[in-house]
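Student: Just one file: structure.pdb, with PDB, C-alpha atoms.
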```
ATOM      1  CA  MET A  60     -26.578 -70.581  30.370
ATOM      2  CA  SER A  61     -27.527 -67.394  28.560
ATOM      3  CA  ASN A  62     -25.544 -64.202  29.074
ATOM      4  CA  GLU A  63     -28.742 -62.151  28.877
ATOM      5  CA  THR A  64     -30.896 -61.888  31.997
ATOM      6  CA  SER A  65     -33.244 -59.400  33.602
ATOM      7  CA  VAL A  66     -31.756 -60.206  37.007
ATOM      8  CA  LYS A  67     -29.437 -57.397  38.070
ATOM      9  CA  ARG A  68     -28.794 -58.019  41.765
ATOM     10  CA  ILE A  69     -28.966 -61.150  43.924
ATOM     11  CA  GLY A  70     -28.470 -61.723  47.626
ATOM     12  CA  ILE A  71     -26.712 -64.671  49.274
ATOM     13  CA  LEU A  72     -27.196 -65.869  52.836
ATOM     14  CA  THR A  73     -26.192 -68.851  54.948
ATOM     15  CA  SER A  74     -28.479 -70.004  57.738
ATOM     16  CA  GLY A  75     -28.755 -72.717  60.376
ATOM     17  CA  GLY A  76     -25.770 -74.842  61.354
ATOM     18  CA  ASP A  77     -22.536 -74.154  59.482
ATOM     19  CA  ALA A  78     -20.973 -76.867  57.350
ATOM     20  CA  PRO A  79     -17.689 -77.262  55.456
ATOM     21  CA  GLY A  80     -18.264 -76.171  51.863
ATOM     22  CA  MET A  81     -20.494 -73.167  52.543
ATOM     23  CA  ASN A  82     -17.702 -70.823  51.490
ATOM     24  CA  ALA A  83     -17.115 -72.778  48.295
ATOM     25  CA  ALA A  84     -20.821 -72.395  47.465
ATOM     26  CA  ILE A  85     -20.681 -68.642  48.149
ATOM     27  CA  ARG A  86     -17.657 -68.282  45.883
ATOM     28  CA  SER A  87     -19.345 -70.226  43.096
ATOM     29  CA  VAL A  88     -22.483 -68.074  43.279
ATOM     30  CA  VAL A  89     -20.493 -64.831  43.230
ATOM     31  CA  ARG A  90     -18.189 -65.820  40.394
ATOM     32  CA  THR A  91     -20.985 -67.226  38.253
ATOM     33  CA  ALA A  92     -23.112 -64.133  38.820
ATOM     34  CA  THR A  93     -20.189 -61.827  38.023
ATOM     35  CA  CYS A  94     -19.685 -63.679  34.762
ATOM     36  CA  LEU A  95     -23.300 -62.779  33.865
ATOM     37  CA  GLY A  96     -22.990 -59.168  34.957
ATOM     38  CA  ILE A  97     -25.153 -59.710  38.050
ATOM     39  CA  GLU A  98     -24.274 -57.830  41.231
ATOM     40  CA  CYS A  99     -24.008 -59.860  44.452
ATOM     41  CA  ILE A 100     -24.935 -58.734  47.940
ATOM     42  CA  GLY A 101     -23.895 -60.863  50.899
ATOM     43  CA  VAL A 102     -26.450 -61.029  53.715
ATOM     44  CA  ARG A 103     -24.607 -61.570  56.977
ATOM     45  CA  ARG A 104     -26.012 -63.566  59.910
ATOM     46  CA  GLY A 105     -28.789 -65.327  58.009
ATOM     47  CA  TYR A 106     -32.375 -64.128  58.147
ATOM     48  CA  THR A 107     -31.489 -61.848  61.051
ATOM     49  CA  GLY A 108     -29.263 -59.909  58.678
ATOM     50  CA  LEU A 109     -32.022 -59.809  56.085
ATOM     51  CA  ILE A 110     -34.298 -58.128  58.627
ATOM     52  CA  ASN A 111     -31.649 -55.715  59.897
ATOM     53  CA  GLY A 112     -30.033 -54.896  56.576
ATOM     54  CA  ASP A 113     -26.659 -56.416  57.505
ATOM     55  CA  PHE A 114     -25.206 -56.446  53.978
ATOM     56  CA  ILE A 115     -21.794 -56.589  52.330
ATOM     57  CA  LYS A 116     -20.911 -56.215  48.667
ATOM     58  CA  LEU A 117     -19.442 -59.387  47.183
ATOM     59  CA  ASP A 118     -17.220 -59.365  44.122
ATOM     60  CA  GLN A 119     -14.490 -61.646  42.829
ATOM     61  CA  SER A 120     -11.864 -60.203  45.152
ATOM     62  CA  ALA A 121     -14.147 -60.640  48.196
ATOM     63  CA  VAL A 122     -14.373 -64.407  47.655
ATOM     64  CA  LYS A 123     -10.770 -64.994  46.636
ATOM     65  CA  GLY A 124      -9.203 -67.890  48.511
ATOM     66  CA  ILE A 125     -12.260 -68.915  50.541
ATOM     67  CA  THR A 126     -12.884 -72.320  48.905
ATOM     68  CA  GLY A 127     -10.640 -74.129  51.363
ATOM     69  CA  ARG A 128     -11.925 -72.363  54.464
ATOM     70  CA  GLY A 129     -14.438 -73.987  56.783
ATOM     71  CA  GLY A 130     -17.430 -72.199  58.276
ATOM     72  CA  THR A 131     -19.084 -69.329  56.417
ATOM     73  CA  MET A 132     -17.681 -65.889  55.678
ATOM     74  CA  LEU A 133     -21.243 -64.530  55.870
ATOM     75  CA  TYR A 134     -21.740 -65.891  59.408
ATOM     76  CA  THR A 135     -24.897 -67.724  60.368
ATOM     77  CA  ALA A 136     -27.586 -67.291  63.005
ATOM     78  CA  ARG A 137     -31.049 -68.500  63.918
ATOM     79  CA  SER A 138     -33.773 -65.848  64.013
ATOM     80  CA  SER A 139     -36.870 -66.149  66.177
ATOM     81  CA  GLU A 140     -38.059 -62.782  64.858
ATOM     82  CA  TYR A 141     -38.048 -64.013  61.280
ATOM     83  CA  ASN A 142     -40.477 -66.785  62.238
ATOM     84  CA  THR A 143     -43.116 -64.154  62.958
ATOM     85  CA  GLU A 144     -45.358 -62.473  60.376
ATOM     86  CA  ASP A 145     -43.849 -59.098  61.165
ATOM     87  CA  GLY A 146     -40.284 -60.382  60.895
ATOM     88  CA  CYS A 147     -40.871 -61.992  57.512
ATOM     89  CA  LYS A 148     -42.491 -58.778  56.260
ATOM     90  CA  LYS A 149     -39.458 -56.759  57.381
ATOM     91  CA  ALA A 150     -37.161 -59.109  55.483
ATOM     92  CA  SER A 151     -39.330 -58.877  52.382
ATOM     93  CA  ASP A 152     -39.388 -55.074  52.579
ATOM     94  CA  THR A 153     -35.610 -55.034  52.899
ATOM     95  CA  CYS A 154     -35.234 -57.089  49.737
ATOM     96  CA  ARG A 155     -37.468 -54.695  47.814
ATOM     97  CA  HIS A 156     -35.686 -51.655  49.216
ATOM     98  CA  MET A 157     -32.287 -53.078  48.201
ATOM     99  CA  GLY A 158     -33.510 -54.028  44.719
ATOM    100  CA  ILE A 159     -32.717 -57.709  45.240
ATOM    101  CA  ASP A 160     -34.134 -59.654  42.277
ATOM    102  CA  GLY A 161     -33.327 -63.069  43.706
ATOM    103  CA  LEU A 162     -31.946 -64.716  46.831
ATOM    104  CA  VAL A 163     -29.686 -67.761  47.135
ATOM    105  CA  VAL A 164     -30.099 -69.419  50.538
ATOM    106  CA  ILE A 165     -27.558 -71.992  51.715
ATOM    107  CA  GLY A 166     -28.524 -74.329  54.556
ATOM    108  CA  GLY A 167     -30.955 -77.063  55.545
ATOM    109  CA  ASP A 168     -34.706 -77.671  55.680
ATOM    110  CA  GLY A 169     -35.296 -74.819  58.135
ATOM    111  CA  THR A 170     -33.455 -72.446  55.825
ATOM    112  CA  PHE A 171     -35.576 -73.576  52.896
ATOM    113  CA  ARG A 172     -38.822 -73.136  54.826
ATOM    114  CA  GLY A 173     -37.719 -69.602  55.610
ATOM    115  CA  ALA A 174     -37.078 -69.031  51.905
ATOM    116  CA  LEU A 175     -40.530 -70.349  51.049
ATOM    117  CA  ASP A 176     -42.132 -67.961  53.539
ATOM    118  CA  LEU A 177     -40.210 -65.090  51.986
ATOM    119  CA  SER A 178     -41.298 -65.976  48.457
ATOM    120  CA  LYS A 179     -44.935 -66.225  49.563
ATOM    121  CA  HIS A 180     -44.860 -63.006  51.534
ATOM    122  CA  GLY A 181     -43.100 -60.670  49.171
ATOM    123  CA  GLY A 182     -42.719 -62.465  45.896
ATOM    124  CA  VAL A 183     -38.932 -62.674  46.231
ATOM    125  CA  ASN A 184     -37.422 -65.227  43.864
ATOM    126  CA  VAL A 185     -35.471 -67.789  45.921
ATOM    127  CA  VAL A 186     -33.172 -70.729  45.208
ATOM    128  CA  GLY A 187     -31.905 -73.064  47.936
ATOM    129  CA  ILE A 188     -28.614 -74.970  48.153
ATOM    130  CA  PRO A 189     -28.586 -77.939  50.595
ATOM    131  CA  CYS A 190     -25.714 -77.659  53.045
ATOM    132  CA  THR A 191     -25.684 -79.608  56.318
ATOM    133  CA  ILE A 192     -23.384 -82.232  57.822
ATOM    134  CA  ASP A 193     -26.449 -84.295  58.787
ATOM    135  CA  ASN A 194     -27.259 -85.272  55.158
ATOM    136  CA  ASP A 195     -30.909 -85.403  56.226
ATOM    137  CA  ILE A 196     -32.626 -83.329  53.514
ATOM    138  CA  GLY A 197     -35.199 -85.470  51.751
ATOM    139  CA  CYS A 198     -34.942 -84.019  48.246
ATOM    140  CA  THR A 199     -31.229 -84.684  47.757
ATOM    141  CA  THR A 200     -29.006 -87.729  47.997
ATOM    142  CA  TYR A 201     -26.124 -85.584  49.228
ATOM    143  CA  THR A 202     -25.721 -82.371  51.200
ATOM    144  CA  ILE A 203     -22.628 -80.166  51.207
ATOM    145  CA  GLY A 204     -20.515 -80.786  54.303
ATOM    146  CA  PHE A 205     -21.370 -84.437  54.906
ATOM    147  CA  ASP A 206     -18.172 -85.969  53.523
ATOM    148  CA  THR A 207     -15.890 -83.599  55.419
ATOM    149  CA  ALA A 208     -17.784 -84.162  58.682
ATOM    150  CA  CYS A 209     -17.521 -87.924  58.199
ATOM    151  CA  ASN A 210     -13.777 -87.730  57.622
ATOM    152  CA  THR A 211     -13.299 -85.483  60.655
ATOM    153  CA  ALA A 212     -15.200 -87.949  62.839
ATOM    154  CA  VAL A 213     -13.394 -90.964  61.367
ATOM    155  CA  ASP A 214     -10.019 -89.402  62.132
ATOM    156  CA  ALA A 215     -11.077 -88.775  65.745
ATOM    157  CA  VAL A 216     -12.464 -92.308  66.211
ATOM    158  CA  ASP A 217      -9.330 -93.871  64.695
ATOM    159  CA  ARG A 218      -7.267 -92.003  67.279
ATOM    160  CA  LEU A 219      -9.571 -93.129  70.074
ATOM    161  CA  ASN A 220      -9.343 -96.713  68.831
ATOM    162  CA  ASP A 221      -5.565 -96.611  69.236
ATOM    163  CA  THR A 222      -5.773 -95.792  72.924
ATOM    164  CA  MET A 223      -8.754 -98.100  73.539
ATOM    165  CA  GLN A 224      -6.745-100.979  72.063
ATOM    166  CA  SER A 225      -3.769-100.146  74.263
ATOM    167  CA  HIS A 226      -5.883-100.183  77.440
ATOM    168  CA  GLU A 227      -8.405-102.873  76.368
ATOM    169  CA  ARG A 228     -11.327-100.500  76.838
ATOM    170  CA  CYS A 229     -14.679 -99.801  75.276
ATOM    171  CA  SER A 230     -15.139 -96.403  73.616
ATOM    172  CA  VAL A 231     -18.619 -94.911  73.240
ATOM    173  CA  VAL A 232     -18.473 -92.053  70.736
ATOM    174  CA  GLU A 233     -21.339 -89.658  70.116
ATOM    175  CA  VAL A 234     -21.550 -88.098  66.660
ATOM    176  CA  MET A 235     -23.853 -85.354  65.425
ATOM    177  CA  GLY A 236     -26.806 -85.726  63.069
ATOM    178  CA  ARG A 237     -29.786 -84.255  64.939
ATOM    179  CA  HIS A 238     -32.596 -86.821  64.514
ATOM    180  CA  ALA A 239     -30.889 -88.757  61.699
ATOM    181  CA  GLY A 240     -28.320 -91.541  61.763
ATOM    182  CA  HIS A 241     -26.662 -91.094  58.339
ATOM    183  CA  LEU A 242     -23.462 -89.659  59.820
ATOM    184  CA  ALA A 243     -23.254 -92.303  62.546
ATOM    185  CA  LEU A 244     -23.743 -95.141  60.047
ATOM    186  CA  ALA A 245     -21.018 -93.910  57.709
ATOM    187  CA  VAL A 246     -18.554 -93.273  60.538
ATOM    188  CA  GLY A 247     -19.293 -96.605  62.211
ATOM    189  CA  ILE A 248     -18.704 -98.599  59.042
ATOM    190  CA  ALA A 249     -15.570 -96.662  58.135
ATOM    191  CA  THR A 250     -13.988 -97.196  61.567
ATOM    192  CA  GLY A 251     -14.927-100.854  62.017
ATOM    193  CA  ALA A 252     -17.166-100.130  64.994
ATOM    194  CA  THR A 253     -18.563-102.968  67.072
ATOM    195  CA  ILE A 254     -21.992-101.340  67.407
ATOM    196  CA  ILE A 255     -23.865 -98.452  65.766
ATOM    197  CA  LEU A 256     -26.934 -96.969  67.439
ATOM    198  CA  VAL A 257     -29.171 -94.747  65.292
ATOM    199  CA  PRO A 258     -32.684 -93.346  65.854
ATOM    200  CA  GLU A 259     -34.055 -95.047  62.724
ATOM    201  CA  VAL A 260     -33.459 -98.593  64.016
ATOM    202  CA  LYS A 261     -35.087 -99.931  67.176
ATOM    203  CA  TYR A 262     -32.749-101.975  69.282
ATOM    204  CA  ASP A 263     -32.787-104.235  72.308
ATOM    205  CA  PHE A 264     -29.902-103.049  74.477
ATOM    206  CA  ASP A 265     -29.168-106.470  75.971
ATOM    207  CA  ILE A 266     -29.125-108.188  72.572
ATOM    208  CA  ASP A 267     -27.809-105.516  70.234
ATOM    209  CA  VAL A 268     -25.202-104.023  72.555
ATOM    210  CA  ILE A 269     -24.290-106.271  75.475
ATOM    211  CA  GLU A 270     -24.613-109.549  73.549
ATOM    212  CA  ARG A 271     -22.566-108.201  70.644
ATOM    213  CA  ILE A 272     -19.800-107.192  73.017
ATOM    214  CA  ARG A 273     -19.955-110.596  74.713
ATOM    215  CA  LEU A 274     -19.680-112.414  71.371
ATOM    216  CA  SER A 275     -16.831-110.148  70.329
ATOM    217  CA  ARG A 276     -14.953-110.994  73.524
ATOM    218  CA  LEU A 277     -15.475-114.706  72.887
ATOM    219  CA  ALA A 278     -14.017-114.196  69.423
ATOM    220  CA  GLY A 279     -10.888-112.764  71.007
ATOM    221  CA  ARG A 280     -11.490-109.048  70.788
ATOM    222  CA  SER A 281     -10.429-106.974  73.801
ATOM    223  CA  ASN A 282     -11.434-103.438  72.790
ATOM    224  CA  PHE A 283     -14.732-102.151  71.402
ATOM    225  CA  THR A 284     -16.152 -99.084  69.721
ATOM    226  CA  VAL A 285     -19.772 -98.000  69.949
ATOM    227  CA  ILE A 286     -20.911 -95.167  67.653
ATOM    228  CA  VAL A 287     -24.047 -93.400  68.897
ATOM    229  CA  ALA A 288     -26.029 -90.868  66.870
ATOM    230  CA  GLU A 289     -27.030 -87.942  69.072
ATOM    231  CA  GLY A 290     -30.696 -88.605  68.264
ATOM    232  CA  ALA A 291     -30.613 -92.242  69.429
ATOM    233  CA  GLU A 292     -30.071 -91.941  73.197
ATOM    234  CA  PRO A 293     -27.635 -90.165  75.523
ATOM    235  CA  ALA A 294     -24.229 -91.685  74.823
ATOM    236  CA  LEU A 295     -23.073 -91.123  78.399
ATOM    237  CA  GLY A 296     -25.914 -93.383  79.559
ATOM    238  CA  VAL A 297     -24.879 -96.001  76.989
ATOM    239  CA  ALA A 298     -21.358 -96.005  78.403
ATOM    240  CA  ASP A 299     -22.638 -96.385  81.971
ATOM    241  CA  LYS A 300     -24.880 -99.321  81.049
ATOM    242  CA  ILE A 301     -22.068-101.117  79.217
ATOM    243  CA  ARG A 302     -19.729-100.666  82.165
ATOM    244  CA  ASP A 303     -22.334-101.941  84.642
ATOM    245  CA  ALA A 304     -23.301-104.969  82.528
ATOM    246  CA  THR A 305     -19.844-106.115  81.400
ATOM    247  CA  GLY A 306     -17.324-104.694  83.871
ATOM    248  CA  ILE A 307     -15.315-103.357  80.915
ATOM    249  CA  ASP A 308     -13.569-100.031  81.448
ATOM    250  CA  THR A 309     -15.781 -97.859  79.218
ATOM    251  CA  ARG A 310     -15.078 -94.276  78.205
ATOM    252  CA  TYR A 311     -17.420 -91.720  76.646
ATOM    253  CA  THR A 312     -16.518 -89.060  74.058
ATOM    254  CA  ALA A 313     -18.795 -86.497  72.395
ATOM    255  CA  LEU A 314     -17.122 -85.215  69.230
ATOM    256  CA  GLY A 315     -19.412 -82.199  69.142
ATOM    257  CA  HIS A 316     -18.832 -79.228  66.890
ATOM    258  CA  ILE A 317     -15.391 -80.250  65.637
ATOM    259  CA  GLN A 318     -17.409 -82.186  63.034
ATOM    260  CA  ARG A 319     -18.649 -78.904  61.559
ATOM    261  CA  GLY A 320     -15.270 -77.252  61.238
ATOM    262  CA  GLY A 321     -12.151 -77.699  59.153
ATOM    263  CA  SER A 322     -11.159 -77.334  55.540
ATOM    264  CA  PRO A 323     -13.761 -78.972  53.242
ATOM    265  CA  HIS A 324     -12.731 -82.128  51.424
ATOM    266  CA  VAL A 325     -12.708 -82.459  47.647
ATOM    267  CA  ARG A 326     -16.250 -83.747  47.254
ATOM    268  CA  ASP A 327     -17.749 -80.887  49.246
ATOM    269  CA  ARG A 328     -15.780 -78.284  47.292
ATOM    270  CA  VAL A 329     -16.789 -79.779  43.937
ATOM    271  CA  VAL A 330     -20.467 -80.277  44.824
ATOM    272  CA  ALA A 331     -20.689 -76.780  46.339
ATOM    273  CA  THR A 332     -19.241 -75.288  43.160
ATOM    274  CA  ALA A 333     -21.650 -77.186  40.917
ATOM    275  CA  MET A 334     -24.654 -76.274  43.057
ATOM    276  CA  GLY A 335     -23.676 -72.605  43.234
ATOM    277  CA  TYR A 336     -23.420 -72.467  39.451
ATOM    278  CA  MET A 337     -26.828 -74.132  39.096
ATOM    279  CA  ALA A 338     -28.438 -71.726  41.582
ATOM    280  CA  VAL A 339     -27.367 -68.643  39.630
ATOM    281  CA  SER A 340     -28.336 -70.272  36.338
ATOM    282  CA  LEU A 341     -31.857 -70.827  37.660
ATOM    283  CA  LEU A 342     -32.220 -67.236  38.846
ATOM    284  CA  ALA A 343     -30.848 -65.880  35.567
ATOM    285  CA  ALA A 344     -33.357 -68.001  33.652
ATOM    286  CA  GLY A 345     -36.259 -66.652  35.718
ATOM    287  CA  ARG A 346     -36.946 -69.972  37.459
ATOM    288  CA  LYS A 347     -38.775 -69.320  40.728
ATOM    289  CA  SER A 348     -38.790 -71.066  44.103
ATOM    290  CA  ARG A 349     -36.336 -73.857  43.317
ATOM    291  CA  ILE A 350     -34.095 -76.113  45.368
ATOM    292  CA  VAL A 351     -30.835 -77.407  43.916
ATOM    293  CA  ALA A 352     -30.281 -81.095  44.697
ATOM    294  CA  MET A 353     -28.316 -84.186  43.758
ATOM    295  CA  ARG A 354     -29.717 -87.408  42.345
ATOM    296  CA  GLY A 355     -26.857 -89.837  42.175
ATOM    297  CA  ASP A 356     -24.009 -87.794  40.711
ATOM    298  CA  ARG A 357     -26.278 -85.383  38.832
ATOM    299  CA  VAL A 358     -27.114 -81.869  40.007
ATOM    300  CA  ILE A 359     -30.804 -81.158  39.413
ATOM    301  CA  ASP A 360     -33.449 -78.715  40.639
ATOM    302  CA  LEU A 361     -36.916 -79.168  42.131
ATOM    303  CA  ASP A 362     -39.845 -76.955  43.031
ATOM    304  CA  ILE A 363     -39.440 -75.854  46.636
ATOM    305  CA  HIS A 364     -42.870 -77.230  47.651
ATOM    306  CA  GLU A 365     -42.017 -80.652  46.238
ATOM    307  CA  ALA A 366     -38.563 -80.574  47.819
ATOM    308  CA  LEU A 367     -39.911 -79.820  51.296
ATOM    309  CA  SER A 368     -42.533 -82.579  51.033
ATOM    310  CA  LEU A 369     -39.891 -85.294  50.610
ATOM    311  CA  THR A 370     -38.355 -87.253  53.472
ATOM    312  CA  LYS A 371     -34.920 -88.864  53.623
ATOM    313  CA  GLU A 372     -34.833 -92.664  53.670
ATOM    314  CA  PHE A 373     -32.321 -94.309  55.986
ATOM    315  CA  ASP A 374     -30.051 -96.826  54.251
ATOM    316  CA  TYR A 375     -31.291 -99.970  55.973
ATOM    317  CA  GLU A 376     -29.434-102.234  53.545
ATOM    318  CA  MET A 377     -26.158-100.589  54.500
ATOM    319  CA  TYR A 378     -27.046-101.019  58.165
ATOM    320  CA  ARG A 379     -27.729-104.743  57.563
ATOM    321  CA  SER A 380     -24.374-105.110  55.823
ATOM    322  CA  PHE A 381     -22.715-103.569  58.880
ATOM    323  CA  SER A 382     -24.516-106.066  61.144
ATOM    324  CA  ALA A 383     -23.274-108.969  59.035
ATOM    325  CA  LEU A 384     -19.681-107.775  59.399
ATOM    326  CA  THR A 385     -19.734-107.525  63.190
ATOM    327  CA  PHE A 386     -19.166-110.387  65.625
ATOM    328  CA  LEU A 387     -22.607-112.016  65.713
ATOM    329  CA  ASP A 388     -23.888-115.564  65.631
ATOM    330  CA  LYS A 389     -26.583-116.367  63.064
ATOM    331  CA  LYS A 390     -29.478-116.212  65.553
ATOM    332  CA  THR A 391     -28.499-112.780  66.846
ATOM    333  CA  LEU A 392     -27.896-111.544  63.306
ATOM    334  CA  MET A 393     -31.390-112.585  62.208
ATOM    335  CA  GLN A 394     -32.872-110.785  65.213
ATOM    336  CA  SER A 395     -30.996-107.655  64.190
ATOM    337  CA  PHE A 396     -32.193-107.933  60.579
ATOM    338  CA  LYS A 397     -35.829-108.130  61.685
ATOM    339  CA  ARG A 398     -35.539-104.700  63.288
ATOM    340  CA  THR A 399     -34.704-103.137  59.918
ATOM    341  CA  ASP A 400     -37.533-104.760  57.917
TER     342      ASP A 400
END
```
Starting from the file, give its structure as C-alpha cells.
Tutor:
Amino acid sequence: MSNETSVKRIGILTSGGDAPGMNAAIRSVVRTATCLGIECIGVRRGYTGLINGDFIKLDQSAVKGITGRGGTMLYTARSSEYNTEDGCKKASDTCRHMGIDGLVVIGGDGTFRGALDLSKHGGVNVVGIPCTIDNDIGCTTYTIGFDTACNTAVDAVDRLNDTMQSHERCSVVEVMGRHAGHLALAVGIATGATIILVPEVKYDFDIDVIERIRLSRLAGRSNFTVIVAEGAEPALGVADKIRDATGIDTRYTALGHIQRGGSPHVRDRVVATAMGYMAVSLLAAGRKSRIVAMRGDRVIDLDIHEALSLTKEFDYEMYRSFSALTFLDKKTLMQSFKRTD
C-alpha cells in the first residue's frame, strides 16, 4: 500500500441490518486511512444520513475501544427516500459538497445496490464491505457477523435443550436468515438438532419432520429440537403441527434480534479488520466501484457489477451430512437426499 494518494477525505456508513463486527470494520477503515493521511467522515444513519448531512468526524480517538462492541457506532437505517431519483441526487450532491473522494459502505446486498446507484449518479468512488449475519451475499464465502450470530444462537439452543430434556419436550426454534438457510444449517448441526428446515430444500412434512421424530423415539430419544429458518415457514405453525401429529409437548421459541447483538467473536473481528484495510487500500489506489470479499481464507476484491450478479449457493452436501447423522432408516434417508439433488 503506497503512502501517496490523491484521496484526501473518505466517508463511512453502515446500512441495513446491524451485525457484530461492524464497529471493528469502522475502526479498521479509520485507522488505515489515518495512517495514509486521509481524513474520515462518519455518515450516521446510513443513506438517510448521507441525504441529510448527518456527519461526524472520525479519528483514532473516536474509534478507540469499539472493536469489541456489537451494533454500529454510526447507527443504521433504511431509507425509502434514497431509493428515489431525487433522494440519490441529494446524497450525491452532499458528497460533492463535503469533498468526499470515496465512500466505504458496510452492509449487505441492498447496501451495495445503493452504493452502485450513487456511483452511477454522481461519480462517487465506492467500496463495499459485506456485513450481515445471514451470510447470503453471493460474491463472498463469508460475511462479517455470521460467526457471532451462530454462536449466540447455539448458546440459546443449548440452554433450551437442557430444559427440553428435563421435560421430554420438543423445541421448535426459529433463527434469522431472511430467505436463506445458512444460519439455520450451521446452528442445527452445531446443536445436534433432530430436524433443520430451510427454504432451499423442499420437504415433505410427514416424512421429513413427523417420521424423523417417530424414528428418533423408537431409537430411545425423548426430547427433540427442530431448527427452522425464518424463510422456510412459520415456526409457530411447525410446532402446532408436531404437537397435533405426535402428542408431544412442543414449545416454540423465536430467537429474534438477540442474534444480531453482542460482542463480536474473534473471526468477525479479524475479518472486519482485514476487509477495512483492503477497502481503504482500494480507494487510495484509485480503484473504483469495488466490493471486498472472501474466497476461502483470502480477502479479495471484485467489480461491484460482477459482485451483485452472483448468487450464494446453499451447502447441500453439508445438509446431506446432517441428514445422515440424524435418526433415519435407509429408505427415509434416500428420500431426503433426493430433495437436495
Student: Would you work out the distance separating CA of Val325 in chain A from CA of Met132 in chain A, expressed in Å to one decimal?
Tutor: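 Atom-to-atom, CA of Val325 in chain A and CA of Met132 in chain A are spaced 19.1 Å apart.
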Student: Could you tell me which of A:Glu365, A:Ala121, A:Val232, A:Ser382 comes closest to Leu219 in chain A if we count all atoms listed in the file?
Tutor: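 Comparing A:Glu365, A:Ala121, A:Val232, A:Ser382 against Leu219 in chain A, the winner is A:Val232.
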Student: Give me, as number ranges by chain, all polymer residues having an atom no more than 12 Å from His226 in chain A, counting only C-alpha atoms and skipping those fewer than 4 positions away in the same chain.
Tutor: A: 219-222, 230, 281-283, 307-310
Student: Give me, please, the distance in Å between CA of Thr143 in chain A and CA of Arg104 in chain A, quoted to one decimal.
Tutor: 17.4 Å
Student: Return as a ChimeraX atom specification the set of residues that the PyMOL selection byres ((chain A and resi 269-279) around 9) yields on the displayed structure.
Tutor: /A:253-254,264-268,280-283,300-301,304-305,385-388,391
Student: As JSON, please report the centre and edge lengths, rounded to one decimal in Å, of the axis-aligned box that holds all listed atoms of range 354-359 of chain A with 8 Å of padding on each of the six sides.
Tutor:
```
{"center_x": -27.4, "center_y": -85.5, "center_z": 40.6, "size_x": 22.8, "size_y": 24.7, "size_z": 19.5}
```
Student: For Phe381 in chain A, please output as a list of chain:residue names all residues within 9 Å (counting all atoms listed in the file; exclusion window: fewer than 4 positions along the same chain).
Tutor: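 In the requested format, the answer is A:Leu244, A:Gly247, A:Ile248, A:Gly251, A:Ala252, A:Ile254, A:Ile255, A:Glu376, A:Met377, A:Thr385.
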Student: Near Val234 in chain A, within 12 Å and counting all atoms listed in the file, which residues show up once chain neighbours fewer than 4 positions away are dropped, as a ChimeraX atom specification?
Tutor: /A:192-193,208-213,215-216,238-247,255-257,285-294,311-319
Student: Could the residues in this selection be saved with C-alpha atoms as a compact mmCIF listing (two decimals), keeping the file's coordinate frame?
Tutor:
```
# COMPACT_ATOMS: atom_id res chain seq x y z
CA ILE A 192 -23.38 -82.23 57.82
CA ASP A 193 -26.45 -84.30 58.79
CA ALA A 208 -17.78 -84.16 58.68
CA CYS A 209 -17.52 -87.92 58.20
CA ASN A 210 -13.78 -87.73 57.62
CA THR A 211 -13.30 -85.48 60.66
CA ALA A 212 -15.20 -87.95 62.84
CA VAL A 213 -13.39 -90.96 61.37
CA ALA A 215 -11.08 -88.78 65.74
CA VAL A 216 -12.46 -92.31 66.21
CA HIS A 238 -32.60 -86.82 64.51
CA ALA A 239 -30.89 -88.76 61.70
CA GLY A 240 -28.32 -91.54 61.76
CA HIS A 241 -26.66 -91.09 58.34
CA LEU A 242 -23.46 -89.66 59.82
CA ALA A 243 -23.25 -92.30 62.55
CA LEU A 244 -23.74 -95.14 60.05
CA ALA A 245 -21.02 -93.91 57.71
CA VAL A 246 -18.55 -93.27 60.54
CA GLY A 247 -19.29 -96.60 62.21
CA ILE A 255 -23.86 -98.45 65.77
CA LEU A 256 -26.93 -96.97 67.44
CA VAL A 257 -29.17 -94.75 65.29
CA VAL A 285 -19.77 -98.00 69.95
CA ILE A 286 -20.91 -95.17 67.65
CA VAL A 287 -24.05 -93.40 68.90
CA ALA A 288 -26.03 -90.87 66.87
CA GLU A 289 -27.03 -87.94 69.07
CA GLY A 290 -30.70 -88.60 68.26
CA ALA A 291 -30.61 -92.24 69.43
CA GLU A 292 -30.07 -91.94 73.20
CA PRO A 293 -27.64 -90.16 75.52
CA ALA A 294 -24.23 -91.68 74.82
CA TYR A 311 -17.42 -91.72 76.65
CA THR A 312 -16.52 -89.06 74.06
CA ALA A 313 -18.80 -86.50 72.40
CA LEU A 314 -17.12 -85.22 69.23
CA GLY A 315 -19.41 -82.20 69.14
CA HIS A 316 -18.83 -79.23 66.89
CA ILE A 317 -15.39 -80.25 65.64
CA GLN A 318 -17.41 -82.19 63.03
CA ARG A 319 -18.65 -78.90 61.56
```
